[in-house]
Structure formats: C-alpha cells, structure tokens
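**Student:** Starting off with a structure, shown below.
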Amino acid sequence: MKHDLLTPYDEVAAKSARPLYFVPENALSESGAPQSLASLATLNGFKGSAGAVLVNDDGALCGAGEGDMAALAAAAEKLPEGDFFLKGDFEPAVATKAAMAWLLGGYRFDRYKDLAPPRARLIAPANADLDAARRSADAVALVRDLVNTPASDMGPDAIEAVARDIALAHDAAISVTTGDDLLTENFPMVHAVGRAAAIAPRLIDITYGPADAPKVTLVGKGVTFDSGGLNIKGAAGMALMKKDMGGAAHVLALGRMIMRAELKIRLRILVPAVENAISGNAFRPGDVLDSRAGMSVEIGNTDAEGRLILADAMALAREDNPALVVTLATLTGAARVALGPELPPFYCDDDDLAAALEAAARRADDPVWRMPLWPGYASMLASSVADISHISNGPFAGSITAALFLKRFAPETAPWMHFDIYAWRPKSAPGRPAGGEAQAIRALYDVIATRFAH
C-alpha cells in the first residue's frame, strides 16, 4: 500500500492544496463549491452519484451518493497529480474513514502487470487517526494481494512464508508442522486433505503478546487451490479456487492489524494450509477419518474439505482455554446463495458478542449478517458408520450445517464466531476493485480491541 498518497494535516500545505468537496446526491448547492465547479457540474450532469469526480483549477467534486465515505476512493483513483484537501468538518471516526478510503483508492494488484499508479495526494483531515487508517488499509491490501495471487505462486509453502514474515516483523513466535509430521502431532484431517498435493500440507501456528493476557485465537482456512479432490469440480466451479485460501489471508491480515496496534491480548493464529489435489493417495468419499478431537468423521464429498482442516485446528485451539475463537473460511456456496457475495454470514451462540459485532460492523461499514446455529439441523450430520458425517444428507441449509459441524470442535466454555466469507468482489466499486476482497476483519478488530484487549 502506497502511504505517500496520504500526508498528515499541515495548515500551510492545506491552504495551497486544491479543495475537494464531498457531495451527497443532489446536494451540490449545499457543498460550498465555488461557482466555476458548480457550473462545470451542471454542464456535465454531475448529481453527486457515488464515485463521480470532476476537477478544475479551483478544486474537485467527488460524488458521495447516500453519504458513503468509501466513495472518496474514486477521487484517489481519478484525480490528476497534485495535492488536495478535503473541505468540511468531520468527526474523528469519519475523518479516519476518509483517510482509509483514500488509501484504498490507491490499491493496485500489480504483481504481474504494470498498472498506472495513482498520482493525487490527500492532505488528511486534522482529526483523522492516520495510524488506524493505515493499519486497516494495509490489512485490506494484504488480503487482496494474497487472494489475487494464483495458486502457482500461493501454495502452502508461500502461505507459510507470508506468515513467517509477519511473525518476524512483530517478534511473534511461529511453529510449522509439515507433511507426515502432521500424523505424529495428531492433525490427521489436515494431513488427509493435503497429502495428494505436490507441496506438503502444514499447520501454521503463530503466538504473540503477553502470556497472561486474554487469549484470542484466529483460525483461517488455507486451501490454496481446491480441485474438489476425487469429487472433482467442473471448469466453472474451479475457476476461482485460487481464492479458497481467503480465510488464511483474513486471519493473517487481522492478526497483523492486532500486532501493529500492540493490543494487549495473547493472540494465536492457526492456519491449516493445504492444496486439495488428486492423486493415487487422495482421500475418498466414504472414508472415515480420525480427528484431533477424537471423533471419527465420515467423508461424504471430498469437495467439502475446508471444514475438515478447520476442525483439527479448532481442536488444537480449544486445548489452550481461549477467551475467544474466530474461524474465517470460504466455506460454502450455500452462503452465497443466501446472502450474495458482499454480505458474509456469521454464526455465534453468544448474543451479547454477536450484537457487539453487528454494531462494530455498522461503525466500520464492514457488513455482516447473523445466521442461526439451528439445532434442529444437527441430525442432518448423522452417520451410521462414524461419530459424525462432515456434510448433510440433503441439499438444504448448507452453510448452517457446515457451521454446526464446526461447532462440534469449538470450545465449550468460551465464545466462538464463524464467518463464511466469499473473499471476492465480482464487480468493481470505488476503492473496491473486482478480485480478492477483505470482509469482516475491520469489524472483528473493533470487537477484539474493545472487548478482549487489556
């Protein structure tokens, strides 16, 4: 993320910069824009729709639509080279959102292709928390970079390399269990899902913070490519499966936010990283797998592999008596059918914690939707040959039954939250290009900082 797109407030610099007016829909007359800009707006049919931008020597207009500060990213994307200063008085939280939106407008995924960099620079509002804005924008950028990178360059070993870089940068401890050592260390389902791939499966374990602080554990699904295994996907279903490690990307980005802010928690990040590939030793439909938790698990479909690797990591997490466990995973197509790509469902049995998360999501403009852990559907996971089946015996409630499966491995004495994310944006919006996308981690950061950090 290019931090030089945003500079701290400086009164002298602000006076010499061109003013930037953030204009809600049909509110140009109330914006205070000079006559030359107002006339330009009239000539060009500018109404203040989200992402519309106009500029002349006297300043610039950025359409706010219904007032979403994220639309300011369009100005960062479209304005010409030069310094701009956002006109108006803003509450600190709004000013910080403006700074973050500007930074996100500068995001480019340019690993494989040269893309025109943004040229305009914003002199931040005086009361913006630039450290917070940069932490959030960098977290979003990290998720996007990791998810956008194809599996040829983002296998389990590359996920490990990113995790090691983050741990090293923040003096965090890291250990990695790889290959057949997963069997020795009792992670049989991580091993079973990943053993058919050329790059060995692994369990990445990062710890950070004071040992006596509240323990918060983040678990992220790290399937770096999902062929479907022996229940192989069709071409359309496989096209976006480089993003199936989106949960891993999210927990690494959220963990880095927490470490950069030096929150007083005992943070643990667990990433089971595998490729769900096909070879002679691939796990099969009908197999019964051992699990770290001691339950036997019947395999109904090898294309529902993410919950298996999460379950072993969650069993490890609960052994540490955490205060909170959070799982993030690109887990089910059923979640997309229910809520679409932009609204990730979450599951939580703790009503107070769920309400706090929903409030944080509204504050951060980081939408989520609570779904029920409906106990009546638990019977769908019954197996005649094992303790539990890992998929339901019918086509209904796929996201709920996946969450109910995971709940069997969650802590019994501490809250658990599960997010069934998409981690992808099908179409572009200001500051939110099509491709990999971060979901729910800014809201989660807020909840962890306010409810668990000492």
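As shown in the structure tokens, the chain order sets the letters A, B, ...; within each chain, residues go from 1, and ligands are also counted from 1 in the order they appear.
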Looking only at the backbone, which of the residues in region 138-261 of chain A does DSSP tag as alpha helix (DSSP H), as number ranges by chain?
**Tutor:** A: 138-148, 156-169, 181-184, 188-194, 235-238, 246-261
**Student:** With a distance cut-off of 10 Å and only C-alpha atoms, select the neighbouring residues of Ala323 (chain A), excluding the residue or stretch itself and same-chain residues fewer than 5 positions from it, and output the selection as a ChimeraX atom specification.
**Tutor:** /A:213-217,265-266,318,411,413-416,452
**Student:** Could you tell me which of A:Ala440, A:Lys47, A:Ala261, A:Ala429 comes closest to Gly105 (chain A) if we count only C-alpha atoms?
**Tutor:**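 Under the stated criterion, the closest residue is A:Ala429.
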**Student:** Where does region 259-292 of chain A meet region 201-206 of chain A within 10 Å, residue by residue, with the nearest atom pair and distance in Å to one decimal for each, counting only C-alpha atoms, listed by chain and rising number, as a Markdown table?
**Tutor:**
```
| residue | atom | partner | partner_atom | distance |
| --- | --- | --- | --- | --- |
| A:Leu267 | CA | A:Ile206 | CA | 7.9 |
| A:Arg268 | CA | A:Ile206 | CA | 5.5 |
| A:Ile269 | CA | A:Ile206 | CA | 5.0 |
| A:Leu270 | CA | A:Asp205 | CA | 4.8 |
| A:Val271 | CA | A:Ile204 | CA | 5.0 |
| A:Pro272 | CA | A:Leu203 | CA | 4.4 |
| A:Ala273 | CA | A:Arg202 | CA | 5.3 |
| A:Val274 | CA | A:Pro201 | CA | 4.5 |
| A:Glu275 | CA | A:Pro201 | CA | 7.1 |
| A:Asn276 | CA | A:Pro201 | CA | 9.4 |
```
**Student:** With 9 Å as the cut-off and only C-alpha atoms counted, what is the closest atom pair between each nearby residue of region 310-363 of chain A and region 221-224 of chain A? Distances in Å to one decimal, ordered by chain and number, as a Markdown table.
**Tutor:**
```
| residue | atom | partner | partner_atom | distance |
| --- | --- | --- | --- | --- |
| A:Leu310 | CA | A:Lys221 | CA | 6.2 |
| A:Thr327 | CA | A:Lys221 | CA | 7.9 |
| A:Leu328 | CA | A:Lys221 | CA | 6.6 |
| A:Ala329 | CA | A:Lys221 | CA | 5.0 |
| A:Thr330 | CA | A:Lys221 | CA | 7.3 |
| A:Leu331 | CA | A:Lys221 | CA | 8.3 |
```
**Student:** Write the residues you've just listed into a file as a PDB file, in the first residue's frame, and include C-alpha atoms for each of them.
**Tutor:**
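Saved to out14.pdb:
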```pdb
ATOM      1  CA  LEU A 310     -10.546 -26.234  10.281  1.00  0.00           C
ATOM      2  CA  THR A 327     -12.926 -19.022  12.294  1.00  0.00           C
ATOM      3  CA  LEU A 328     -12.880 -17.447   8.840  1.00  0.00           C
ATOM      4  CA  ALA A 329     -13.312 -19.541   5.718  1.00  0.00           C
ATOM      5  CA  THR A 330     -14.531 -19.500   2.140  1.00  0.00           C
ATOM      6  CA  LEU A 331     -16.618 -22.470   3.145  1.00  0.00           C
TER       7      LEU A 331
END
```
**Student:** Go through region 316-425 of chain A and flag each residue having an atom no more than 12 Å from region 84-94 of chain A; for those, report the closest pair of atoms plus their distance in Å to one decimal, using only C-alpha atoms, ordered by chain and rising number, as JSON lines.
**Tutor:**
```
{"residue": "A:Arg363", "atom": "CA", "partner": "A:Ala93", "partner_atom": "CA", "distance": 8.6}
{"residue": "A:Ala364", "atom": "CA", "partner": "A:Ala93", "partner_atom": "CA", "distance": 9.0}
{"residue": "A:Asp365", "atom": "CA", "partner": "A:Val94", "partner_atom": "CA", "distance": 10.9}
```
**Student:** Please dump the current selection as a compact mmCIF listing (two decimals), in the first residue's frame; keep all heavy atoms.
**Tutor:**
```txt
# COMPACT_ATOMS: atom_id res chain seq x y z
N ARG A 363 -20.42 0.53 12.39
CA ARG A 363 -19.48 1.64 12.56
C ARG A 363 -18.40 1.62 11.48
O ARG A 363 -17.97 2.67 10.99
CB ARG A 363 -18.82 1.58 13.94
CG ARG A 363 -19.71 1.95 15.10
CD ARG A 363 -18.89 2.16 16.37
NE ARG A 363 -18.22 0.95 16.81
CZ ARG A 363 -18.72 0.05 17.64
NH1 ARG A 363 -19.96 0.21 18.10
NH2 ARG A 363 -18.03 -1.01 17.99
N ALA A 364 -17.95 0.43 11.14
CA ALA A 364 -16.82 0.30 10.21
C ALA A 364 -17.25 0.19 8.75
O ALA A 364 -16.39 0.09 7.88
CB ALA A 364 -15.99 -0.93 10.59
N ASP A 365 -18.56 0.21 8.49
CA ASP A 365 -19.06 -0.04 7.13
C ASP A 365 -18.47 -1.34 6.58
O ASP A 365 -17.99 -1.42 5.44
CB ASP A 365 -18.71 1.14 6.20
CG ASP A 365 -19.38 2.43 6.61
OD1 ASP A 365 -20.52 2.36 7.10
OD2 ASP A 365 -18.76 3.50 6.46
```
**Student:** When you draw a straight line from CA of Glu11 (chain A) to CA of Lys97 (chain A), how long is it in Å?
**Tutor:**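 CA of Lys97 (chain A) lies 20.4 Å from CA of Glu11 (chain A).
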**Student:** Neighbouring residues of Leu79 (chain A) were defined as those with any atom within 8 Å, considering only C-alpha atoms; residues of the same chain fewer than 3 positions away were excluded. Please report them as a compact mmCIF listing (two decimals) with N, CA and C atoms, in the first residue's frame.
**Tutor:**
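Output below, filename part.txt:
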```
# COMPACT_ATOMS: atom_id res chain seq x y z
N VAL A 53 -16.56 12.09 -10.31
CA VAL A 53 -15.50 13.03 -9.98
C VAL A 53 -15.39 14.08 -11.07
N VAL A 55 -13.07 17.91 -11.80
CA VAL A 55 -11.97 18.72 -11.28
C VAL A 55 -11.68 19.88 -12.24
N ALA A 75 -11.99 9.49 -5.90
CA ALA A 75 -11.18 10.67 -6.13
C ALA A 75 -9.70 10.30 -6.18
N ALA A 76 -9.28 9.40 -5.29
CA ALA A 76 -7.89 8.95 -5.32
C ALA A 76 -7.56 8.24 -6.64
N ARG A 119 -1.92 9.30 -8.69
CA ARG A 119 -1.00 10.44 -8.66
C ARG A 119 -1.40 11.51 -7.66
N ALA A 120 -2.68 11.60 -7.35
CA ALA A 120 -3.14 12.65 -6.43
C ALA A 120 -2.78 12.30 -4.99
```
**Student:** Just checking: using only C-alpha atoms, which residue out of A:Lys242, A:Lys264, A:Lys427, A:Arg121 ends up closest to Met154 (chain A)?
**Tutor:**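 Looking at the shortest contact to Met154 (chain A), the residue is A:Lys242.
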**Student:** Just the residues within 7 Å of region 127-129 of chain A, please, counting only C-alpha atoms, with nothing from its chain fewer than 4 positions along; format it as a PyMOL selection string.
**Tutor:** chain A and resi 92+95-96+99+133
**Student:** With only C-alpha atoms as the counted atoms, please give the residues lying no more than 8 Å from region 342-348 of chain A, apart from itself and same-chain residues fewer than 4 positions off, as a PyMOL selection string.
**Tutor:** chain A and resi 335+353-354+367-373+403+415-422+425+439-440
**Student:** How about saving the chosen residues, N, CA and C atoms kept, as a PDB file, in the first residue's frame?
**Tutor:**
```pdb
ATOM      1  N   ALA A 335     -23.817 -20.160   1.322  1.00  0.00           N
ATOM      2  CA  ALA A 335     -23.796 -18.819   1.908  1.00  0.00           C
ATOM      3  C   ALA A 335     -23.968 -17.750   0.840  1.00  0.00           C
ATOM      4  N   LEU A 353     -22.084 -10.889  22.354  1.00  0.00           N
ATOM      5  CA  LEU A 353     -20.949 -10.759  21.452  1.00  0.00           C
ATOM      6  C   LEU A 353     -21.425 -10.544  20.019  1.00  0.00           C
ATOM      7  N   ALA A 354     -22.463 -11.252  19.614  1.00  0.00           N
ATOM      8  CA  ALA A 354     -23.000 -11.074  18.260  1.00  0.00           C
ATOM      9  C   ALA A 354     -23.512  -9.651  18.064  1.00  0.00           C
ATOM     10  N   PRO A 367     -19.988  -4.833   6.381  1.00  0.00           N
ATOM     11  CA  PRO A 367     -21.256  -5.519   6.648  1.00  0.00           C
ATOM     12  C   PRO A 367     -21.121  -7.014   6.916  1.00  0.00           C
ATOM     13  N   VAL A 368     -21.956  -7.509   7.820  1.00  0.00           N
ATOM     14  CA  VAL A 368     -22.099  -8.935   8.128  1.00  0.00           C
ATOM     15  C   VAL A 368     -23.575  -9.199   8.418  1.00  0.00           C
ATOM     16  N   TRP A 369     -23.947 -10.482   8.460  1.00  0.00           N
ATOM     17  CA  TRP A 369     -25.326 -10.837   8.767  1.00  0.00           C
ATOM     18  C   TRP A 369     -25.325 -12.103   9.626  1.00  0.00           C
ATOM     19  N   ARG A 370     -25.987 -12.014  10.779  1.00  0.00           N
ATOM     20  CA  ARG A 370     -26.001 -13.166  11.675  1.00  0.00           C
ATOM     21  C   ARG A 370     -26.966 -14.238  11.167  1.00  0.00           C
ATOM     22  N   MET A 371     -26.489 -15.475  11.179  1.00  0.00           N
ATOM     23  CA  MET A 371     -27.291 -16.631  10.798  1.00  0.00           C
ATOM     24  C   MET A 371     -27.427 -17.567  12.001  1.00  0.00           C
ATOM     25  N   PRO A 372     -28.441 -18.420  12.019  1.00  0.00           N
ATOM     26  CA  PRO A 372     -28.700 -19.239  13.203  1.00  0.00           C
ATOM     27  C   PRO A 372     -27.937 -20.564  13.189  1.00  0.00           C
ATOM     28  N   LEU A 373     -27.424 -20.923  14.353  1.00  0.00           N
ATOM     29  CA  LEU A 373     -26.906 -22.277  14.560  1.00  0.00           C
ATOM     30  C   LEU A 373     -28.098 -23.146  14.971  1.00  0.00           C
ATOM     31  N   ALA A 403     -21.577 -24.927   9.627  1.00  0.00           N
ATOM     32  CA  ALA A 403     -21.283 -24.298  10.910  1.00  0.00           C
ATOM     33  C   ALA A 403     -21.571 -25.247  12.074  1.00  0.00           C
ATOM     34  N   PRO A 415     -16.693 -18.240  23.931  1.00  0.00           N
ATOM     35  CA  PRO A 415     -17.424 -17.926  22.702  1.00  0.00           C
ATOM     36  C   PRO A 415     -16.629 -18.267  21.450  1.00  0.00           C
ATOM     37  N   TRP A 416     -17.378 -18.622  20.432  1.00  0.00           N
ATOM     38  CA  TRP A 416     -16.815 -18.930  19.114  1.00  0.00           C
ATOM     39  C   TRP A 416     -17.655 -18.207  18.081  1.00  0.00           C
ATOM     40  N   MET A 417     -16.961 -17.614  17.105  1.00  0.00           N
ATOM     41  CA  MET A 417     -17.619 -16.947  15.993  1.00  0.00           C
ATOM     42  C   MET A 417     -17.080 -17.522  14.698  1.00  0.00           C
ATOM     43  N   HIS A 418     -17.989 -17.803  13.779  1.00  0.00           N
ATOM     44  CA  HIS A 418     -17.601 -18.369  12.491  1.00  0.00           C
ATOM     45  C   HIS A 418     -18.123 -17.497  11.361  1.00  0.00           C
ATOM     46  N   PHE A 419     -17.249 -17.195  10.396  1.00  0.00           N
ATOM     47  CA  PHE A 419     -17.583 -16.338   9.258  1.00  0.00           C
ATOM     48  C   PHE A 419     -17.406 -17.133   7.964  1.00  0.00           C
ATOM     49  N   ASP A 420     -18.485 -17.258   7.214  1.00  0.00           N
ATOM     50  CA  ASP A 420     -18.490 -17.972   5.940  1.00  0.00           C
ATOM     51  C   ASP A 420     -18.362 -16.933   4.832  1.00  0.00           C
ATOM     52  N   ILE A 421     -17.125 -16.524   4.560  1.00  0.00           N
ATOM     53  CA  ILE A 421     -16.862 -15.382   3.689  1.00  0.00           C
ATOM     54  C   ILE A 421     -16.729 -15.812   2.234  1.00  0.00           C
ATOM     55  N   TYR A 422     -16.823 -14.850   1.332  1.00  0.00           N
ATOM     56  CA  TYR A 422     -16.605 -15.082  -0.095  1.00  0.00           C
ATOM     57  C   TYR A 422     -15.198 -14.649  -0.511  1.00  0.00           C
ATOM     58  N   ARG A 425     -14.768  -9.974  -4.920  1.00  0.00           N
ATOM     59  CA  ARG A 425     -15.727  -8.971  -5.405  1.00  0.00           C
ATOM     60  C   ARG A 425     -15.902  -9.171  -6.909  1.00  0.00           C
ATOM     61  N   GLN A 439     -13.270  -9.077   4.127  1.00  0.00           N
ATOM     62  CA  GLN A 439     -14.611  -8.987   4.697  1.00  0.00           C
ATOM     63  C   GLN A 439     -14.557  -9.279   6.193  1.00  0.00           C
ATOM     64  N   ALA A 440     -15.213  -8.438   6.958  1.00  0.00           N
ATOM     65  CA  ALA A 440     -15.465  -8.639   8.389  1.00  0.00           C
ATOM     66  C   ALA A 440     -14.271  -8.377   9.299  1.00  0.00           C
TER      67      ALA A 440
END
```
**Student:** Do you know which residues are at most 10 Å from Arg260 (chain A) counting only C-alpha atoms, after dropping those on the same chain fewer than 3 positions away, and could you put them as an MDAnalysis selection string?
**Tutor:** chainID A and resid 131:132 135 169:170 254:257 263
**Student:** I need the residue nearest Arg292 (chain A) from this list: A:Gly63, A:Pro188, A:Pro8, A:Gly394. Use only C-alpha atoms for the distance.
**Tutor:**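 Among A:Gly63, A:Pro188, A:Pro8, A:Gly394, it is A:Pro188 that comes nearest to Arg292 (chain A).
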